[in-house]
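Reading through the structure tokens given below for one structure.
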There are 2 protein chains.
Amino acid sequence: MVDEPSAPPAATGESRQRLRKLTRALEKVLPTEGLVTGPEARRVYECDGLSAYRRVPGLVALPSSVEEVVAVIDLCREHAVPVVTRGAGTGLSGGALPLEEGLLLSMTRMNRILELDPQRRIARVEPGVRNLAISEAAAPHGLYYAPDPSSQVACSIGGNVAENSGGVHCLKYGLTVHNLLGLELVTIEGERLRIGGEAPDSPGYDLLALLTGSEGLLGVVVGATVRLLPLPQEVAVLLAAFDSVEQAGAAVAGIIGSGLVPAGLEMMDELAIRAAEDYIHAGYPLAARAMLLCELDGTAAEVAEDTERVRALFEAHDALEVRVATDPAERARLWAGRKAAFPALGRIAPDYYCMDGTIPRHRLAEVLSAIGEMSRAYRLPVANVFHAGDGNLHPLIAYDANDPGQLARAEAFGESILKLCVAVGGTVTGEHGVGMEKLRPMCGQFSPAELEQFHAVRRAFDPQELLNPGKAVPTLARCAEWGGMHVHAGQLPFPELERF
Amino acid sequence: MVDEPSAPPAATGESRQRLRKLTRALEKVLPTEGLVTGPEARRVYECDGLSAYRRVPGLVALPSSVEEVVAVIDLCREHAVPVVTRGAGTGLSGGALPLEEGLLLSMTRMNRILELDPQRRIARVEPGVRNLAISEAAAPHGLYYAPDPSSQVACSIGGNVAENSGGVHCLKYGLTVHNLLGLELVTIEGERLRIGGEAPDSPGYDLLALLTGSEGLLGVVVGATVRLLPLPQEVAVLLAAFDSVEQAGAAVAGIIGSGLVPAGLEMMDELAIRAAEDYIHAGYPLAARAMLLCELDGTAAEVAEDTERVRALFEAHDALEVRVATDPAERARLWAGRKAAFPALGRIAPDYYCMDGTIPRHRLAEVLSAIGEMSRAYRLPVANVFHAGDGNLHPLIAYDANDPGQLARAEAFGESILKLCVAVGGTVTGEHGVGMEKLRPMCGQFSPAELEQFHAVRRAFDPQELLNPGKAVPTLARCAEWGGMHVHAGQLPFPELERF
């Protein structure tokens, strides 16, 4: 998917003129360090974590207060210049890709923790605060912020809200939306809205959930109040090895079906196990075809009881081996391999293509079998490393970009996986967002009426579509151009998927 | 608040003519039993659970399929006749109050459970299915549907979605929105949208959360997929008596602060305890000024450990007495008094006015003290029975409606309580919805820009405002008429609240 799915509007003479006028106006309201105009300095912002797409923004603003954000937004609206908001730039779907004729609004300077109250168990933060910085500040009080995307050292809370980020522990503790109490938003009209709050429910429409995951199209998040949780007393990690991904998938269904809620439940298949073990030497079972890592947390009594229940379930599903790690060093070693699985695959394949899709959990075993069949049909290896408990798949397709045939097959393979996700009742993105990358698969996920409803909601916030235009929701015209591929479960246009 | 806050549009000659034409058109598409036209038969639908407001609907349709709903909506739109959707009519804020010149769309005939899959732990149901009927159908599989509003014997899932209903157990298990996986919606354009699904997250804007609690203004819910949970192995109920509401409030803060998540945590004050005990003879401690009921569930080991932790916390907060009930009959007896508290108060006061507001949990003790002070100032008794763990208050103001002075004081008292809720950072409704009843307090809860954003979202679904017009979100004109009372926390126009 290195073809950019939506061509960037070329910077015309008129749009350059508008940018020049906007720059002069902004120079009057922002301090020198709040505006980046030089071409080389602007190049720093040309891409986010999806580096296949690059564009140098026309202008970069770095506000340090809500008042400065309002001033920038007011001037952009008056000059009809589009705005792309950016957090730490770690996003994987190109949601922060700039526009050549637009302004990039970087929130990195708004990075203060405004309040942290251990009694109310809340933190009120500016959008540029890093995810992990919240947990670090809360640790002395025995508290932490639960959502932990793998980029948590770098990614910021504003970006987490924009993408509704998850992480290994979202099985038990939920996505960003479940750990968020309130937002402060600046609309394209320059209005400041307070959304949500510390009360358990809020009257009026649930704008808090609507904004979470809206990828910067509805407004600019200038503040967030998040929930803090008590650090668990005790943690255990179980490793179980299996003879097949089907058996591991059945064990996942068994655990979830028993009513247990692990803090994390991750699966790795044979290729992923080998790549990780070669790289990290975590002591993974090389003879296994699939491996599960199950983290349990709670009080000592709960963890002891749950550990025995999970061990019994693994054994009932014919696990080849079950190990339990309770001491921190051994737990860290087991997780280290999982966390390094992506770079580990990078060591053994020239290139890899990381997919992100979801499926209903009970379809896990058959979907993994089908991905195996596709791997043979497309003649490309695939490694599976993913949040099994959530049904959030991350197949990594290995290929060599220098071989055009392989690149084309990798792209077709990826598209087939996403179609399969939709066909079994899942979705085309689990936690990486739509951004630029998944616009085309969105045409398959939703009907024209559903896409049109999304656009209507967008216009209710931003009628001129100045905020992050061209992202997240494809236009009906683009979908028609790409060819209608809308499939609801059970209506499959692909012979290879017919049995689903 | 028996003054209707928004005058119903009088049925004009033109609107009667439109209704007659619509009736003739509907007779062609609905079977005889699907249309109610006679004045006496229509009177059945004149109010919901808030019987202070009554209007006889111009016409009643009772569809039995999604296709019939689409046909009704298409014809209403074409004839420009407004539609009020109604579930079981148990709502407490007048959300299903009909319009004399409108159609009432009753969903009671769409009452089938379409699918119940114990493996996926989901039920797919029509909107007219009763809340409790889902748990009854799931019970043979050891499963249940968690949200349990006190009307759960009668209320239907479509209404639960419209109001985002909670219940005693929502502290641990969440509101309707947290137990809902998908919706099927018919829009005012007659389009059928599939929203959400069984995957953990959904691409695009979170319309599932947006629709939940939208009180029938955004579309007609024609199907819901809900999550089922395993029935807990073990349940215990602790009763603790205290010398003051402040001490009980501090004990609630202590439990929540410890990281424990009880299945339910309810408080009753002195008047509520006495009224309930006189009526039900549950064995409540009559010498106590406040009482807590704390339900714990989980495995036997978890419940045993948590029971001791809660007992120790109660004792650390100077409980006068702590009792533990584990056998089902004793548990049921302790809950019976709580569940009958509203009718119990009805036995000792000629009339009572039930409020519903939320506050941040850590303000509980001071808010209860302030309500006590107001009770003395307004010279009216108040009983407090509520979801303490959630910070969802239900003060019951006792008065005599035959004494006009008392009625006026009760209304002023109620308004002061809601202003206090907003002032301390809470909301004007916790679980009963806005409907007709809370339109005026909504002007205090939200700024004009926030209310305008709600209206813009509404127009993104229903530009002509044909669905449940005049409910849930007040117009800016009405707020101006009532007098600006918007208060954000810390900006208090009321001398009696100045210290908050």
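Residues in the structure tokens are named by chain (A, B, ... in the order shown) and by number from 1 within that chain; ligands are numbered from 1 in the order shown.
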
>> I need the strand (DSSP E or B) residues of segment 123-209 of chain A per DSSP on the backbone, written as JSON, numbers by chain.
In response: {"A": [123, 124, 125, 130, 143, 144, 156, 180, 181, 182, 183, 184, 185, 186, 192, 193, 194, 195, 196]}

I need the residues from that last selection saved to file as a PDB file, in the first residue's frame (with N, CA, C and O atoms), if you can.
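Output (part.pdb):
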```pdb
ATOM      1  N   ALA A 123      -5.594  12.151  36.491  1.00  0.00           N
ATOM      2  CA  ALA A 123      -4.565  13.093  36.065  1.00  0.00           C
ATOM      3  C   ALA A 123      -5.175  13.964  34.979  1.00  0.00           C
ATOM      4  O   ALA A 123      -5.903  13.478  34.111  1.00  0.00           O
ATOM      5  N   ARG A 124      -4.892  15.277  35.073  1.00  0.00           N
ATOM      6  CA  ARG A 124      -5.358  16.205  34.050  1.00  0.00           C
ATOM      7  C   ARG A 124      -4.107  16.699  33.339  1.00  0.00           C
ATOM      8  O   ARG A 124      -3.200  17.230  33.990  1.00  0.00           O
ATOM      9  N   VAL A 125      -4.043  16.468  32.035  1.00  0.00           N
ATOM     10  CA  VAL A 125      -2.783  16.700  31.313  1.00  0.00           C
ATOM     11  C   VAL A 125      -3.010  17.471  30.018  1.00  0.00           C
ATOM     12  O   VAL A 125      -4.099  17.463  29.453  1.00  0.00           O
ATOM     13  N   ARG A 130       3.656  12.625  27.310  1.00  0.00           N
ATOM     14  CA  ARG A 130       3.876  11.265  26.849  1.00  0.00           C
ATOM     15  C   ARG A 130       3.073  10.284  27.689  1.00  0.00           C
ATOM     16  O   ARG A 130       2.935  10.457  28.910  1.00  0.00           O
ATOM     17  N   LEU A 143      -0.087   4.254  41.692  1.00  0.00           N
ATOM     18  CA  LEU A 143      -1.094   4.296  40.628  1.00  0.00           C
ATOM     19  C   LEU A 143      -0.416   4.258  39.253  1.00  0.00           C
ATOM     20  O   LEU A 143       0.785   4.490  39.143  1.00  0.00           O
ATOM     21  N   TYR A 144      -1.184   3.986  38.209  1.00  0.00           N
ATOM     22  CA  TYR A 144      -0.656   4.047  36.847  1.00  0.00           C
ATOM     23  C   TYR A 144      -1.787   4.295  35.866  1.00  0.00           C
ATOM     24  O   TYR A 144      -2.971   4.175  36.216  1.00  0.00           O
ATOM     25  N   SER A 156       2.182  10.439  22.617  1.00  0.00           N
ATOM     26  CA  SER A 156       1.584  11.397  23.548  1.00  0.00           C
ATOM     27  C   SER A 156       0.088  11.144  23.668  1.00  0.00           C
ATOM     28  O   SER A 156      -0.544  10.541  22.800  1.00  0.00           O
ATOM     29  N   LEU A 180     -10.554   7.307  29.873  1.00  0.00           N
ATOM     30  CA  LEU A 180     -10.610   8.749  29.671  1.00  0.00           C
ATOM     31  C   LEU A 180     -11.862   9.272  30.368  1.00  0.00           C
ATOM     32  O   LEU A 180     -12.931   8.691  30.233  1.00  0.00           O
ATOM     33  N   LEU A 181     -11.728  10.355  31.127  1.00  0.00           N
ATOM     34  CA  LEU A 181     -12.885  10.910  31.820  1.00  0.00           C
ATOM     35  C   LEU A 181     -13.386  12.190  31.159  1.00  0.00           C
ATOM     36  O   LEU A 181     -14.587  12.451  31.161  1.00  0.00           O
ATOM     37  N   GLY A 182     -12.472  12.990  30.653  1.00  0.00           N
ATOM     38  CA  GLY A 182     -12.895  14.251  30.071  1.00  0.00           C
ATOM     39  C   GLY A 182     -11.892  14.762  29.056  1.00  0.00           C
ATOM     40  O   GLY A 182     -10.734  14.340  29.034  1.00  0.00           O
ATOM     41  N   LEU A 183     -12.366  15.647  28.194  1.00  0.00           N
ATOM     42  CA  LEU A 183     -11.507  16.269  27.189  1.00  0.00           C
ATOM     43  C   LEU A 183     -11.811  17.750  27.144  1.00  0.00           C
ATOM     44  O   LEU A 183     -12.946  18.161  27.388  1.00  0.00           O
ATOM     45  N   GLU A 184     -10.789  18.538  26.808  1.00  0.00           N
ATOM     46  CA  GLU A 184     -11.071  19.899  26.378  1.00  0.00           C
ATOM     47  C   GLU A 184     -10.739  19.968  24.894  1.00  0.00           C
ATOM     48  O   GLU A 184      -9.686  19.493  24.453  1.00  0.00           O
ATOM     49  N   LEU A 185     -11.679  20.521  24.156  1.00  0.00           N
ATOM     50  CA  LEU A 185     -11.574  20.526  22.698  1.00  0.00           C
ATOM     51  C   LEU A 185     -11.645  21.951  22.184  1.00  0.00           C
ATOM     52  O   LEU A 185     -12.428  22.757  22.678  1.00  0.00           O
ATOM     53  N   VAL A 186     -10.822  22.265  21.178  1.00  0.00           N
ATOM     54  CA  VAL A 186     -11.002  23.512  20.430  1.00  0.00           C
ATOM     55  C   VAL A 186     -11.594  23.133  19.076  1.00  0.00           C
ATOM     56  O   VAL A 186     -11.033  22.303  18.356  1.00  0.00           O
ATOM     57  N   ARG A 192     -14.076  26.668  22.746  1.00  0.00           N
ATOM     58  CA  ARG A 192     -13.528  25.680  23.682  1.00  0.00           C
ATOM     59  C   ARG A 192     -14.684  24.905  24.299  1.00  0.00           C
ATOM     60  O   ARG A 192     -15.537  25.501  24.955  1.00  0.00           O
ATOM     61  N   LEU A 193     -14.696  23.603  24.113  1.00  0.00           N
ATOM     62  CA  LEU A 193     -15.766  22.771  24.687  1.00  0.00           C
ATOM     63  C   LEU A 193     -15.182  21.885  25.776  1.00  0.00           C
ATOM     64  O   LEU A 193     -14.108  21.320  25.622  1.00  0.00           O
ATOM     65  N   ARG A 194     -15.932  21.750  26.874  1.00  0.00           N
ATOM     66  CA  ARG A 194     -15.567  20.786  27.917  1.00  0.00           C
ATOM     67  C   ARG A 194     -16.435  19.564  27.713  1.00  0.00           C
ATOM     68  O   ARG A 194     -17.667  19.656  27.729  1.00  0.00           O
ATOM     69  N   ILE A 195     -15.824  18.434  27.554  1.00  0.00           N
ATOM     70  CA  ILE A 195     -16.554  17.219  27.199  1.00  0.00           C
ATOM     71  C   ILE A 195     -16.299  16.161  28.259  1.00  0.00           C
ATOM     72  O   ILE A 195     -15.166  15.934  28.661  1.00  0.00           O
ATOM     73  N   GLY A 196     -17.388  15.493  28.701  1.00  0.00           N
ATOM     74  CA  GLY A 196     -17.263  14.474  29.750  1.00  0.00           C
ATOM     75  C   GLY A 196     -16.995  15.109  31.091  1.00  0.00           C
ATOM     76  O   GLY A 196     -17.331  16.278  31.313  1.00  0.00           O
TER      77      GLY A 196
END
```

Proximity check chain B to chain A, 7 Å, nearest pairs one decimal Å, only C-alpha atoms, as JSON lines:
```
{"residue": "B:Gln119", "atom": "CA", "partner": "A:Gly257", "partner_atom": "CA", "distance": 6.8}
{"residue": "B:Arg120", "atom": "CA", "partner": "A:His362", "partner_atom": "CA", "distance": 6.4}
{"residue": "B:Glu191", "atom": "CA", "partner": "A:Ala449", "partner_atom": "CA", "distance": 6.7}
{"residue": "B:Leu193", "atom": "CA", "partner": "A:Glu450", "partner_atom": "CA", "distance": 5.9}
{"residue": "B:Glu198", "atom": "CA", "partner": "A:Pro360", "partner_atom": "CA", "distance": 5.6}
{"residue": "B:Ala199", "atom": "CA", "partner": "A:Pro360", "partner_atom": "CA", "distance": 5.2}
{"residue": "B:Pro200", "atom": "CA", "partner": "A:Asp390", "partner_atom": "CA", "distance": 6.2}
{"residue": "B:Asp201", "atom": "CA", "partner": "A:Gly430", "partner_atom": "CA", "distance": 6.0}
{"residue": "B:Ser202", "atom": "CA", "partner": "A:Thr427", "partner_atom": "CA", "distance": 6.5}
{"residue": "B:Pro203", "atom": "CA", "partner": "A:Thr429", "partner_atom": "CA", "distance": 6.3}
{"residue": "B:Gly204", "atom": "CA", "partner": "A:Val473", "partner_atom": "CA", "distance": 6.6}
{"residue": "B:Tyr205", "atom": "CA", "partner": "A:Ser214", "partner_atom": "CA", "distance": 5.6}
{"residue": "B:Asp206", "atom": "CA", "partner": "A:Leu210", "partner_atom": "CA", "distance": 4.9}
{"residue": "B:Leu207", "atom": "CA", "partner": "A:Leu210", "partner_atom": "CA", "distance": 6.7}
{"residue": "B:Ala209", "atom": "CA", "partner": "A:Ala209", "partner_atom": "CA", "distance": 6.0}
{"residue": "B:Leu210", "atom": "CA", "partner": "A:Asp206", "partner_atom": "CA", "distance": 4.9}
{"residue": "B:Gly213", "atom": "CA", "partner": "A:Tyr205", "partner_atom": "CA", "distance": 6.7}
{"residue": "B:Ser214", "atom": "CA", "partner": "A:Tyr205", "partner_atom": "CA", "distance": 5.6}
{"residue": "B:Pro230", "atom": "CA", "partner": "A:Gly259", "partner_atom": "CA", "distance": 5.9}
{"residue": "B:Gly257", "atom": "CA", "partner": "A:Gln119", "partner_atom": "CA", "distance": 6.9}
{"residue": "B:Gly259", "atom": "CA", "partner": "A:Pro230", "partner_atom": "CA", "distance": 6.0}
{"residue": "B:Glu302", "atom": "CA", "partner": "A:Glu302", "partner_atom": "CA", "distance": 6.1}
{"residue": "B:Thr358", "atom": "CA", "partner": "A:Ala199", "partner_atom": "CA", "distance": 6.0}
{"residue": "B:Ile359", "atom": "CA", "partner": "A:Ala199", "partner_atom": "CA", "distance": 5.6}
{"residue": "B:Pro360", "atom": "CA", "partner": "A:Ala199", "partner_atom": "CA", "distance": 5.2}
{"residue": "B:His362", "atom": "CA", "partner": "A:Arg120", "partner_atom": "CA", "distance": 6.5}
{"residue": "B:Asp390", "atom": "CA", "partner": "A:Pro200", "partner_atom": "CA", "distance": 6.2}
{"residue": "B:Gly426", "atom": "CA", "partner": "A:Ala199", "partner_atom": "CA", "distance": 5.2}
{"residue": "B:Thr427", "atom": "CA", "partner": "A:Ser202", "partner_atom": "CA", "distance": 6.5}
{"residue": "B:Thr429", "atom": "CA", "partner": "A:Pro203", "partner_atom": "CA", "distance": 6.3}
{"residue": "B:Gly430", "atom": "CA", "partner": "A:Asp201", "partner_atom": "CA", "distance": 6.0}
{"residue": "B:Gly433", "atom": "CA", "partner": "A:Pro203", "partner_atom": "CA", "distance": 7.0}
{"residue": "B:Val434", "atom": "CA", "partner": "A:Pro203", "partner_atom": "CA", "distance": 7.0}
{"residue": "B:Ala449", "atom": "CA", "partner": "A:Glu191", "partner_atom": "CA", "distance": 6.8}
{"residue": "B:Glu450", "atom": "CA", "partner": "A:Leu193", "partner_atom": "CA", "distance": 5.9}
{"residue": "B:Phe454", "atom": "CA", "partner": "A:Tyr205", "partner_atom": "CA", "distance": 6.6}
{"residue": "B:Ala456", "atom": "CA", "partner": "A:Ala460", "partner_atom": "CA", "distance": 4.9}
{"residue": "B:Val457", "atom": "CA", "partner": "A:Ala460", "partner_atom": "CA", "distance": 5.4}
{"residue": "B:Ala460", "atom": "CA", "partner": "A:Ala456", "partner_atom": "CA", "distance": 4.9}
{"residue": "B:Ala472", "atom": "CA", "partner": "A:Gly204", "partner_atom": "CA", "distance": 6.7}
{"residue": "B:Val473", "atom": "CA", "partner": "A:Gly204", "partner_atom": "CA", "distance": 6.6}
```

> Using the chain letters and numbers from this document, which residues of segment 34-74 of chain A does DSSP assign to alpha helix (DSSP H), as a PyMOL selection string?
Replying inline: chain A and resi 39-43+66-74
